[in-house]
file my_file-v7.cif (mmCIF, C-alpha atoms)
data_structure
loop_
_atom_site.label_atom_id
_atom_site.label_comp_id
_atom_site.auth_asym_id
_atom_site.auth_seq_id
_atom_site.Cartn_x
_atom_site.Cartn_y
_atom_site.Cartn_z
CA MET A 25 -6.24 20.84 1.29
CA ASN A 26 -2.61 21.12 2.27
CA PRO A 27 -0.83 22.79 -0.69
CA ASN A 28 1.91 20.17 -0.54
CA SER A 29 -0.35 17.14 -0.23
CA GLU A 30 -1.47 14.69 -2.87
CA THR A 31 -4.69 15.70 -4.57
CA ASP A 32 -7.89 13.70 -4.63
CA ARG A 33 -7.69 10.61 -6.82
CA ASN A 34 -10.31 11.90 -9.22
CA ALA A 35 -9.09 15.48 -9.38
CA ALA A 36 -6.68 15.00 -12.30
CA GLN A 37 -7.94 13.83 -15.66
CA LYS A 38 -6.19 12.88 -18.87
CA SER A 39 -7.63 13.42 -22.32
CA PRO A 40 -11.04 11.79 -23.02
CA ARG A 41 -9.32 8.72 -24.44
CA GLU A 42 -7.19 8.13 -21.36
CA PRO A 43 -8.17 6.82 -17.87
CA PRO A 44 -7.90 9.26 -14.94
CA LEU A 45 -4.49 10.09 -13.59
CA GLN A 46 -4.34 9.11 -9.96
CA GLY A 47 -3.59 11.02 -6.78
CA PRO A 48 -0.80 13.54 -7.51
CA PRO A 49 0.49 15.79 -4.76
CA GLU A 50 0.41 19.51 -5.34
CA ALA A 51 3.56 21.63 -5.26
CA GLY A 52 3.63 24.77 -3.19
CA ASP A 53 6.08 27.08 -1.50
CA SER A 54 7.68 24.39 0.61
CA PRO A 55 11.09 24.66 2.27
CA PRO A 56 14.20 23.29 0.56
CA GLN A 57 14.49 19.54 0.73
CA VAL A 58 17.96 18.15 1.11
CA SER A 59 17.08 14.55 1.87
CA PRO A 60 14.20 12.27 0.94
CA PRO A 61 11.37 11.64 3.38
CA SER A 62 11.46 8.53 5.54
CA MET A 63 9.20 5.85 4.11
CA ASP A 64 7.90 2.86 6.05
CA THR A 65 6.10 -0.12 4.57
CA ASP A 66 2.72 1.30 5.57
CA PRO A 67 1.46 4.20 3.46
CA ALA A 68 2.15 7.52 5.14
CA PRO A 69 -0.08 10.60 5.00
CA ALA A 70 0.44 12.42 1.74
CA GLU A 71 1.95 15.52 3.30
CA GLU A 72 4.62 13.30 4.90
CA LEU A 73 5.13 11.35 1.73
CA SER A 74 6.00 14.18 -0.58
CA ALA A 75 7.30 17.69 0.02
CA PRO A 76 8.64 19.13 -3.27
CA SER A 77 11.77 21.19 -2.82
CA GLU A 78 12.10 24.89 -3.54
CA LEU A 79 13.94 25.87 -6.71
CA LYS A 80 17.51 26.86 -5.82
CA TYR A 81 21.09 25.76 -6.06
CA GLN A 82 21.48 22.40 -4.33
CA GLN A 83 25.22 22.58 -3.94
CA ARG A 84 25.48 19.93 -1.23
CA LEU A 85 23.54 17.32 -3.19
CA PRO A 86 24.61 15.26 -6.19
CA THR A 87 23.04 16.49 -9.42
CA VAL A 88 20.76 14.45 -11.65
CA LEU A 89 23.76 13.70 -13.87
CA ASP A 90 25.51 11.98 -10.94
CA GLU A 91 23.05 9.15 -11.41
CA GLU A 92 24.25 6.40 -9.09
CA GLU A 93 25.24 8.82 -6.34
CA TYR A 94 21.89 10.59 -6.60
CA ILE A 95 19.97 7.32 -6.33
CA ALA A 96 22.05 6.15 -3.39
CA LYS A 97 21.63 9.40 -1.42
CA GLN A 98 18.21 10.61 -2.47
CA ILE A 99 16.07 7.57 -3.31
CA VAL A 100 16.39 5.83 0.04
CA ILE A 101 14.90 2.38 0.61
CA PRO A 102 13.54 1.57 4.09
CA HIS A 103 15.68 -1.04 5.83
CA ASN A 104 12.92 -3.66 5.78
CA LEU A 105 12.42 -3.54 2.00
CA GLU A 106 14.53 -4.96 -0.83
CA GLU A 107 15.21 -3.52 -4.24
CA GLU A 108 14.45 -5.39 -7.43
CA GLY A 109 16.31 -2.91 -9.61
CA HIS A 110 16.78 0.79 -10.27
CA GLY A 111 17.55 3.24 -13.04
CA CYS A 112 16.92 6.69 -14.43
CA PHE A 113 15.84 8.46 -17.59
CA HIS A 114 16.64 11.97 -18.88
CA TRP A 115 14.47 13.86 -21.34
CA GLU A 116 15.81 17.14 -22.72
CA ILE A 117 13.32 19.57 -24.23
CA ASP A 118 14.71 22.32 -26.48
CA ASP A 119 11.56 24.30 -27.30
CA TRP A 120 9.48 24.48 -24.15
CA THR A 121 7.05 27.16 -25.34
CA GLN A 122 6.22 25.16 -28.47
CA GLN A 123 5.15 22.02 -26.64
CA PRO A 124 1.51 20.92 -26.91
CA ASP A 125 -0.75 20.75 -23.87
CA ARG A 126 -0.02 17.06 -23.38
CA VAL A 127 3.37 15.51 -24.15
CA LEU A 128 4.51 11.91 -23.76
CA SER A 129 8.17 11.01 -23.47
CA LYS A 130 9.65 8.10 -25.30
CA THR A 131 9.35 4.78 -23.50
CA PHE A 132 12.28 3.83 -21.29
CA THR A 133 13.10 0.58 -19.50
CA ILE A 134 14.16 0.15 -15.87
CA ALA A 135 14.74 -3.32 -14.39
CA GLY A 136 13.00 -4.93 -17.35
CA ARG A 137 9.85 -2.79 -17.02
CA ASP A 138 8.70 -0.10 -19.44
CA TRP A 139 7.82 3.42 -18.35
CA ASP A 140 7.09 6.83 -19.80
CA ILE A 141 6.64 10.37 -18.48
CA LEU A 142 3.42 12.25 -19.12
CA LEU A 143 3.89 16.03 -19.14
CA PHE A 144 1.28 18.81 -19.13
CA PRO A 145 3.31 22.03 -19.70
CA ARG A 146 0.26 24.21 -19.06
CA GLY A 147 -1.22 22.04 -16.33
CA ASN A 148 -3.68 19.20 -16.01
CA GLN A 149 -6.72 20.90 -14.47
CA ALA A 150 -4.21 23.16 -12.74
CA GLY A 151 -3.83 26.17 -15.02
CA GLU A 152 -1.02 27.85 -13.10
CA ALA A 153 1.20 24.83 -12.59
CA VAL A 154 3.07 22.26 -14.64
CA SER A 155 1.70 18.72 -14.18
CA MET A 156 3.92 15.67 -14.51
CA TYR A 157 3.39 11.92 -14.00
CA ILE A 158 5.24 8.65 -14.49
CA GLU A 159 3.37 5.76 -16.05
CA HIS A 160 4.11 2.05 -16.08
CA LYS A 161 3.40 0.30 -19.38
CA PRO A 162 2.61 -3.41 -18.88
CA LYS A 163 3.88 -5.85 -21.45
CA GLU A 164 1.48 -7.27 -23.99
CA GLY A 165 -0.31 -10.28 -22.57
CA GLU A 166 0.70 -9.51 -18.98
CA ASP A 167 -1.63 -10.80 -16.28
CA ALA A 168 -4.51 -8.43 -15.55
CA ASN A 169 -3.56 -8.42 -11.85
CA TRP A 170 -0.04 -7.12 -12.48
CA HIS A 171 1.48 -4.61 -10.09
CA VAL A 172 4.81 -2.87 -9.59
CA CYS A 173 5.90 -1.15 -6.36
CA ALA A 174 8.31 1.75 -6.87
CA ILE A 175 9.90 4.65 -5.03
CA PHE A 176 10.57 7.44 -7.50
CA GLU A 177 11.42 11.10 -8.05
CA LEU A 178 10.46 13.32 -10.95
CA ILE A 179 12.88 16.19 -11.49
CA MET A 180 13.19 19.28 -13.66
CA SER A 181 16.67 20.78 -13.98
CA ASN A 182 18.52 23.48 -15.86
CA VAL A 183 20.26 21.87 -18.85
CA ASP A 184 23.53 23.76 -18.42
CA LYS A 185 23.50 23.94 -14.62
CA PRO A 186 22.09 20.61 -13.38
CA GLU A 187 22.73 21.65 -9.79
CA VAL A 188 19.65 23.86 -10.20
CA PHE A 189 16.67 21.54 -10.04
CA LYS A 190 13.18 21.00 -8.69
CA THR A 191 12.31 17.54 -7.39
CA SER A 192 9.20 15.80 -6.10
CA PRO A 193 9.46 12.32 -4.52
CA SER A 194 6.74 9.75 -4.05
CA ARG A 195 6.05 6.03 -3.98
CA HIS A 196 3.27 4.03 -5.51
CA ARG A 197 1.90 0.60 -6.22
CA PHE A 198 1.35 0.73 -9.99
CA SER A 199 -1.46 -1.50 -11.22
CA ARG A 200 -4.06 -1.74 -13.96
CA GLU A 201 -6.35 0.54 -11.93
CA GLU A 202 -3.57 3.04 -11.08
CA SER A 203 -0.98 2.76 -13.81
CA ASP A 204 0.29 6.33 -13.38
CA TRP A 205 1.21 8.53 -10.45
CA GLY A 206 2.76 11.93 -10.09
CA PHE A 207 2.15 15.59 -9.39
CA THR A 208 -0.64 17.83 -10.65
CA ARG A 209 1.09 20.91 -9.25
CA PHE A 210 4.73 20.07 -9.81
CA ILE A 211 5.86 23.68 -10.10
CA ASP A 212 4.28 27.05 -10.75
CA ILE A 213 4.52 27.94 -14.47
CA ARG A 214 5.88 31.40 -13.73
CA ALA A 215 8.65 29.93 -11.58
CA LEU A 216 9.94 27.98 -14.58
CA VAL A 217 11.25 31.07 -16.36
CA THR A 218 11.71 33.44 -13.43
CA PRO A 219 15.10 33.35 -11.64
CA PRO A 220 14.49 33.09 -7.88
CA ASP A 221 17.50 35.32 -7.20
CA ASP A 222 20.46 36.97 -8.92
CA GLU A 223 22.64 33.87 -8.55
CA THR A 224 20.21 31.16 -9.62
CA PRO A 225 19.14 30.74 -13.24
CA PRO A 226 15.59 29.59 -14.02
CA LEU A 227 14.82 25.97 -14.81
CA VAL A 228 13.77 26.82 -18.36
CA GLU A 229 16.56 28.84 -19.94
CA ASN A 230 16.52 29.71 -23.65
CA GLY A 231 13.58 27.33 -24.02
CA ARG A 232 15.57 24.36 -22.74
CA VAL A 233 14.91 22.15 -19.72
CA ARG A 234 15.77 18.64 -18.60
CA ILE A 235 13.18 16.28 -17.11
CA SER A 236 14.45 13.22 -15.25
CA ALA A 237 12.87 10.20 -13.61
CA PHE A 238 14.72 8.17 -10.98
CA VAL A 239 13.04 4.89 -10.08
CA ARG A 240 13.76 2.14 -7.57
CA ILE A 241 11.54 -0.92 -8.00
CA ILE A 242 10.79 -2.64 -4.70
CA LYS A 243 10.25 -6.36 -4.17
CA ASP A 244 6.81 -7.32 -2.90
CA PRO A 245 7.08 -10.95 -1.73
CA LEU A 246 3.74 -10.89 0.11
CA GLY A 247 1.86 -9.13 -2.69
CA VAL A 248 0.32 -6.44 -0.49
CA LEU A 249 2.98 -3.71 -0.24
CA TRP A 250 1.28 -0.26 -0.35
CA HIS A 251 -1.96 -1.95 -1.39
CA ASN A 252 -5.07 0.21 -0.96
CA PHE A 253 -7.20 -2.96 -0.70
CA TYR A 254 -9.94 -1.57 -2.91
CA ASN A 255 -11.57 -4.55 -4.62
CA TYR A 256 -8.93 -6.79 -3.06
CA ASN A 257 -9.65 -10.50 -3.42
CA SER A 258 -7.79 -12.16 -0.57
CA ARG A 259 -8.97 -15.62 -1.61
CA ALA A 260 -7.60 -15.18 -5.13
CA HIS A 261 -4.25 -13.81 -3.97
CA THR A 262 -3.56 -15.89 -0.86
CA GLY A 263 -6.07 -18.73 -0.81
CA TYR A 264 -7.47 -17.47 2.51
CA VAL A 265 -9.85 -14.85 3.90
CA GLY A 266 -9.96 -13.17 7.27
CA LEU A 267 -12.53 -12.30 9.92
CA LYS A 268 -14.29 -8.96 10.28
CA ASN A 269 -13.63 -7.00 13.43
CA GLN A 270 -16.93 -6.03 15.05
CA GLY A 271 -15.28 -3.27 17.03
CA ALA A 272 -12.97 -4.86 19.59
CA THR A 273 -13.07 -8.54 18.64
CA CYS A 274 -9.50 -8.86 17.35
CA TYR A 275 -8.59 -11.10 20.30
CA MET A 276 -11.48 -13.44 19.42
CA ASN A 277 -10.56 -13.43 15.72
CA SER A 278 -7.02 -14.51 16.58
CA LEU A 279 -8.37 -17.40 18.66
CA LEU A 280 -10.83 -18.48 15.96
CA GLN A 281 -8.14 -18.46 13.27
CA SER A 282 -5.87 -20.57 15.48
CA LEU A 283 -8.66 -23.07 16.13
CA TYR A 284 -9.64 -23.13 12.46
CA PHE A 285 -6.12 -24.09 11.43
CA THR A 286 -6.06 -26.90 13.98
CA ASN A 287 -7.37 -29.34 11.40
CA GLU A 288 -8.43 -32.15 13.74
CA PHE A 289 -10.33 -29.69 15.91
CA ARG A 290 -12.06 -28.17 12.88
CA ASN A 291 -13.10 -31.63 11.67
CA ALA A 292 -14.43 -32.48 15.13
CA VAL A 293 -16.52 -29.30 15.19
CA TYR A 294 -18.00 -30.17 11.80
CA GLN A 295 -19.17 -33.54 13.21
CA ILE A 296 -21.18 -32.06 16.09
CA PRO A 297 -24.89 -32.76 15.42
CA THR A 298 -26.55 -29.34 14.91
CA GLU A 299 -29.32 -30.05 12.40
CA ASN A 300 -32.08 -28.71 14.66
CA ASP A 301 -30.12 -25.88 16.29
CA ASP A 302 -30.73 -22.15 16.00
CA PRO A 303 -27.42 -20.46 14.99
CA LYS A 304 -28.25 -17.42 17.13
CA LYS A 305 -28.47 -19.64 20.20
CA SER A 306 -26.18 -22.55 19.34
CA VAL A 307 -22.47 -21.87 19.78
CA SER A 308 -21.62 -25.12 17.99
CA LEU A 309 -23.68 -24.32 14.88
CA ALA A 310 -22.49 -20.70 14.75
CA LEU A 311 -18.86 -21.89 14.99
CA GLN A 312 -19.46 -24.45 12.25
CA ARG A 313 -20.75 -21.68 10.00
CA VAL A 314 -17.74 -19.45 10.76
CA PHE A 315 -15.33 -22.29 9.92
CA TYR A 316 -17.24 -23.16 6.75
CA ASN A 317 -17.20 -19.55 5.53
CA LEU A 318 -13.48 -19.29 6.26
CA GLN A 319 -13.07 -22.32 4.01
CA VAL A 320 -15.24 -21.29 1.04
CA SER A 321 -16.13 -17.58 1.18
CA ASP A 322 -14.48 -15.04 -1.14
CA GLU A 323 -15.04 -12.26 1.39
CA SER A 324 -13.98 -11.70 4.97
CA VAL A 325 -16.22 -13.58 7.38
CA ASP A 326 -18.66 -11.96 9.80
CA THR A 327 -18.70 -13.26 13.39
CA SER A 328 -21.80 -11.47 14.70
CA GLU A 329 -23.84 -14.68 14.57
CA LEU A 330 -21.28 -16.38 16.80
CA THR A 331 -21.16 -13.56 19.35
CA LYS A 332 -24.98 -13.52 19.49
CA SER A 333 -24.86 -17.22 20.32
CA PHE A 334 -22.68 -16.22 23.31
CA GLY A 335 -25.53 -13.99 24.45
CA TRP A 336 -23.59 -10.83 23.63
CA ASP A 337 -25.17 -7.63 22.38
CA SER A 338 -23.41 -5.04 20.21
CA TYR A 339 -22.05 -3.32 23.32
CA GLU A 340 -20.18 -6.49 24.31
CA SER A 341 -18.52 -6.58 20.87
CA PHE A 342 -16.90 -3.24 21.61
CA MET A 343 -15.41 -4.43 24.88
CA GLN A 344 -12.13 -6.25 25.29
CA HIS A 345 -12.48 -9.69 26.89
CA ASP A 346 -9.84 -12.06 28.17
CA VAL A 347 -8.99 -14.45 25.34
CA GLN A 348 -8.09 -17.32 27.69
CA GLU A 349 -11.42 -17.03 29.46
CA LEU A 350 -13.22 -16.94 26.11
CA ASP A 351 -11.38 -20.07 24.99
CA ARG A 352 -12.25 -21.88 28.22
CA VAL A 353 -15.96 -21.04 27.97
CA LEU A 354 -16.02 -21.93 24.26
CA GLN A 355 -14.32 -25.28 24.80
CA GLU A 356 -16.60 -26.18 27.70
CA ASN A 357 -19.64 -25.41 25.58
CA LEU A 358 -18.34 -27.59 22.74
CA GLU A 359 -17.41 -30.43 25.11
CA THR A 360 -20.96 -30.47 26.46
CA LYS A 361 -22.38 -30.55 22.93
CA MET A 362 -20.00 -33.37 21.92
CA LYS A 363 -21.00 -35.73 24.74
CA GLY A 364 -22.51 -38.96 23.43
CA THR A 365 -21.44 -38.23 19.81
CA VAL A 366 -18.67 -39.65 17.62
CA VAL A 367 -16.44 -36.77 18.70
CA ASP A 368 -16.98 -37.20 22.44
CA GLY A 369 -13.71 -36.42 24.22
CA ALA A 370 -12.11 -34.68 21.23
CA VAL A 371 -11.45 -31.43 23.08
CA ALA A 372 -9.77 -33.15 26.03
CA ARG A 373 -7.69 -35.28 23.65
CA LEU A 374 -6.49 -32.33 21.58
CA PHE A 375 -6.00 -29.72 24.29
CA VAL A 376 -4.61 -31.67 27.21
CA GLY A 377 -1.89 -30.70 29.62
CA GLU A 378 -0.27 -32.32 32.62
CA MET A 379 1.13 -30.68 35.69
CA LYS A 380 3.55 -32.33 38.06
CA SER A 381 4.49 -30.92 41.42
CA TYR A 382 7.07 -32.30 43.79
CA ILE A 383 8.87 -31.37 46.98
CA ARG A 384 12.64 -31.49 47.15
CA CYS A 385 14.54 -31.27 50.39
CA VAL A 386 17.12 -28.51 50.19
CA ASN A 387 19.38 -30.50 52.52
#

call {"tool": "encode", "arguments": {"input": "my_file-v7.cif", "output": "structure tokens"}}
result
Amino acid sequence: MNPNSETDRNAAQKSPREPPLQGPPEAGDSPPQVSPPSMDTDPAPAEELSAPSELKYQQRLPTVLDEEEYIAKQIVIPHNLEEEGHGCFHWEIDDWTQQPDRVLSKTFTIAGRDWDILLFPRGNQAGEAVSMYIEHKPKEGEDANWHVCAIFELIMSNVDKPEVFKTSPSRHRFSREESDWGFTRFIDIRALVTPPDDETPPLVENGRVRISAFVRIIKDPLGVLWHNFYNYNSRAHTGYVGLKNQGATCYMNSLLQSLYFTNEFRNAVYQIPTENDDPKKSVSLALQRVFYNLQVSDESVDTSELTKSFGWDSYESFMQHDVQELDRVLQENLETKMKGTVVDGAVARLFVGEMKSYIRCVN
């Protein structure tokens, strides 16, 4: 594992009474970080997401006490995202060596949401490193499907010289399943009390250290920002489900979704007589079943029955085909099946075009 990457989700554990802490990146001997990593809307690899900075004087950066300036320069929001609110919290510890193995900060509120910091001074399954996490605390009676998207940094700094600090940035979609996120190897325990050079004091000096959390809460209008899609119920969240990709059938899925949402066409397909058809040989019946499952299923819909009705084998499903040609063949097949039924002529009526050509004398 990359020493600066996020650890496995199940690697860090709380006390027996607590659920597992999720996916913290480990801290190693990484180069100084003077600006936050670029973050797009799609989750980046962990080593790109978080590279904790080396302990040293950060003279060119605002300190943690320059709160608004620090947030503006260090906690950068990608241009295509919007902030719901931001804030910070400082927690000063005066007797570091006397702290228990597991310490919880007091609860603090940012943008109307409650948070706390969970600290393991002697490590959480990482005996040589301090472990630190931020946890969202849902309000009593809050919907079980709650979630909060946040970009955040956890920071340790010298109380008297705040320009000396150690920071680790990350982002996370906090939810009931993953209510906490942070860093199992935030900093080596020995580095806390050992000055890195003659000019730089240690983070913990005379038993005192400051721990800070800077948080920017991000709006999630579509409800899927940074979603891992484990146990995701698309029907419950959006009212719709999608189509499974068999390998290279994305072009076909796009066509099927477009046809499905053409309501008159969908109703015409439902009225094709298929009572005695075999779905593996009947395009009409297989398409009816795809449309029906898109309408009622709670899971993404499989299209292998439909492609088998085309006469395709699994090899064909991994080949790109021309979507216009597929649409033409599909429509011709349906038109043939509709002849002599109540929906005879429906395809021509719905998908009709006219072409006019004329000759104009240039003189």

call {"tool": "closest_residue", "arguments": {"input": "my_file-v7.cif", "among": "A:Gly369, A:Pro145, A:Gly111, A:Pro219", "to": "Val293 of chain A", "atoms": "all atoms listed in the file"}}
result
A:Gly369

call {"tool": "residues_near_point", "arguments": {"input": "my_file-v7.cif", "point": "(-14.6, -19.7, 25.9)", "cutoff": "12 Å", "atoms": "only C-alpha atoms", "output": "mmCIF file with C-alpha atoms, in the coordinates of the input"}}
result
data_model
loop_
_atom_site.group_PDB
_atom_site.id
_atom_site.type_symbol
_atom_site.label_atom_id
_atom_site.label_comp_id
_atom_site.auth_asym_id
_atom_site.auth_seq_id
_atom_site.Cartn_x
_atom_site.Cartn_y
_atom_site.Cartn_z
ATOM 1 C CA TYR A 275 -8.590 -11.100 20.300
ATOM 2 C CA MET A 276 -11.480 -13.440 19.420
ATOM 3 C CA LEU A 279 -8.370 -17.400 18.660
ATOM 4 C CA LEU A 280 -10.830 -18.480 15.960
ATOM 5 C CA LEU A 283 -8.660 -23.070 16.130
ATOM 6 C CA VAL A 307 -22.470 -21.870 19.780
ATOM 7 C CA SER A 308 -21.620 -25.120 17.990
ATOM 8 C CA LEU A 311 -18.860 -21.890 14.990
ATOM 9 C CA LEU A 330 -21.280 -16.380 16.800
ATOM 10 C CA THR A 331 -21.160 -13.560 19.350
ATOM 11 C CA SER A 333 -24.860 -17.220 20.320
ATOM 12 C CA PHE A 334 -22.680 -16.220 23.310
ATOM 13 C CA HIS A 345 -12.480 -9.690 26.890
ATOM 14 C CA ASP A 346 -9.840 -12.060 28.170
ATOM 15 C CA VAL A 347 -8.990 -14.450 25.340
ATOM 16 C CA GLN A 348 -8.090 -17.320 27.690
ATOM 17 C CA GLU A 349 -11.420 -17.030 29.460
ATOM 18 C CA LEU A 350 -13.220 -16.940 26.110
ATOM 19 C CA ASP A 351 -11.380 -20.070 24.990
ATOM 20 C CA ARG A 352 -12.250 -21.880 28.220
ATOM 21 C CA VAL A 353 -15.960 -21.040 27.970
ATOM 22 C CA LEU A 354 -16.020 -21.930 24.260
ATOM 23 C CA GLN A 355 -14.320 -25.280 24.800
ATOM 24 C CA GLU A 356 -16.600 -26.180 27.700
ATOM 25 C CA ASN A 357 -19.640 -25.410 25.580
ATOM 26 C CA LEU A 358 -18.340 -27.590 22.740
ATOM 27 C CA GLU A 359 -17.410 -30.430 25.110
#

call {"tool": "atom_distance", "arguments": {"input": "my_file-v7.cif", "atom1": "atom CA of Met343 of chain A", "atom2": "atom CA of Gln281 of chain A"}}
result
19.6 Å

call {"tool": "atom_distance", "arguments": {"input": "my_file-v7.cif", "atom1": "atom CA of Arg137 of chain A", "atom2": "atom CA of Arg195 of chain A"}}
result
16.2 Å

call {"tool": "closest_residue", "arguments": {"input": "my_file-v7.cif", "among": "A:Ala135, A:Tyr254, A:Tyr94, A:Arg240", "to": "Glu187 of chain A", "atoms": "all atoms listed in the file"}}
result
A:Tyr94

call {"tool": "atom_distance", "arguments": {"input": "my_file-v7.cif", "atom1": "atom CA of Leu143 of chain A", "atom2": "atom CA of Glu159 of chain A"}}
result
10.7 Å

call {"tool": "residues_around", "arguments": {"input": "my_file-v7.cif", "residues": "Lys161 of chain A", "least_positions_apart": "4", "cutoff": "10 Å", "atoms": "only C-alpha atoms", "output": "NGL selection string"}}
result
:A and (131-133 or 137-140 or 198-200 or 203-204)

call {"tool": "closest_residue", "arguments": {"input": "my_file-v7.cif", "among": "A:Cys274, A:Gly136, A:Trp115, A:Val183", "to": "Lys163 of chain A", "atoms": "only C-alpha atoms"}}
result
A:Gly136

call {"tool": "resolve_selection", "arguments": {"input": "my_file-v7.cif", "expression": "the PyMOL selection byres ((chain A and resi 119) around 9)", "output": "list in words"}}
result
Ile117, Asp118, Trp120, Thr121, Gln122, Gln123, Asn230, Gly231, Arg232 and Val233 of chain A

call {"tool": "residues_around", "arguments": {"input": "my_file-v7.cif", "residues": "segment 148-155 of chain A", "least_positions_apart": "5", "cutoff": "6 Å", "atoms": "only C-alpha atoms", "output": "PyMOL selection string"}}
result
chain A and resi 207-213

call {"tool": "resolve_selection", "arguments": {"input": "my_file-v7.cif", "expression": "the PyMOL selection byres ((chain A and resi 125) around 7)", "output": "ChimeraX atom specification"}}
result
/A:123-124,126-127,144-146

call {"tool": "closest_residue", "arguments": {"input": "my_file-v7.cif", "among": "A:Leu128, A:Ile235, A:Met362, A:Leu267", "to": "Thr298 of chain A", "atoms": "all atoms listed in the file"}}
result
A:Met362

call {"tool": "resolve_selection", "arguments": {"input": "my_file-v7.cif", "expression": "the PyMOL selection byres ((chain A and resi 99) around 10)", "output": "number ranges by chain"}}
result
A: 59-61, 93-98, 100-102, 110, 175-177, 193-194, 238-240

call {"tool": "axis_aligned_box", "arguments": {"input": "my_file-v7.cif", "around": "segment 262-267 of chain A", "padding_each_side": "3 Å", "output": "lines of an AutoDock Vina configuration file"}}
result
center_x = -8.0
center_y = -15.5
center_z = 4.5
size_x = 15.0
size_y = 12.4
size_z = 16.8
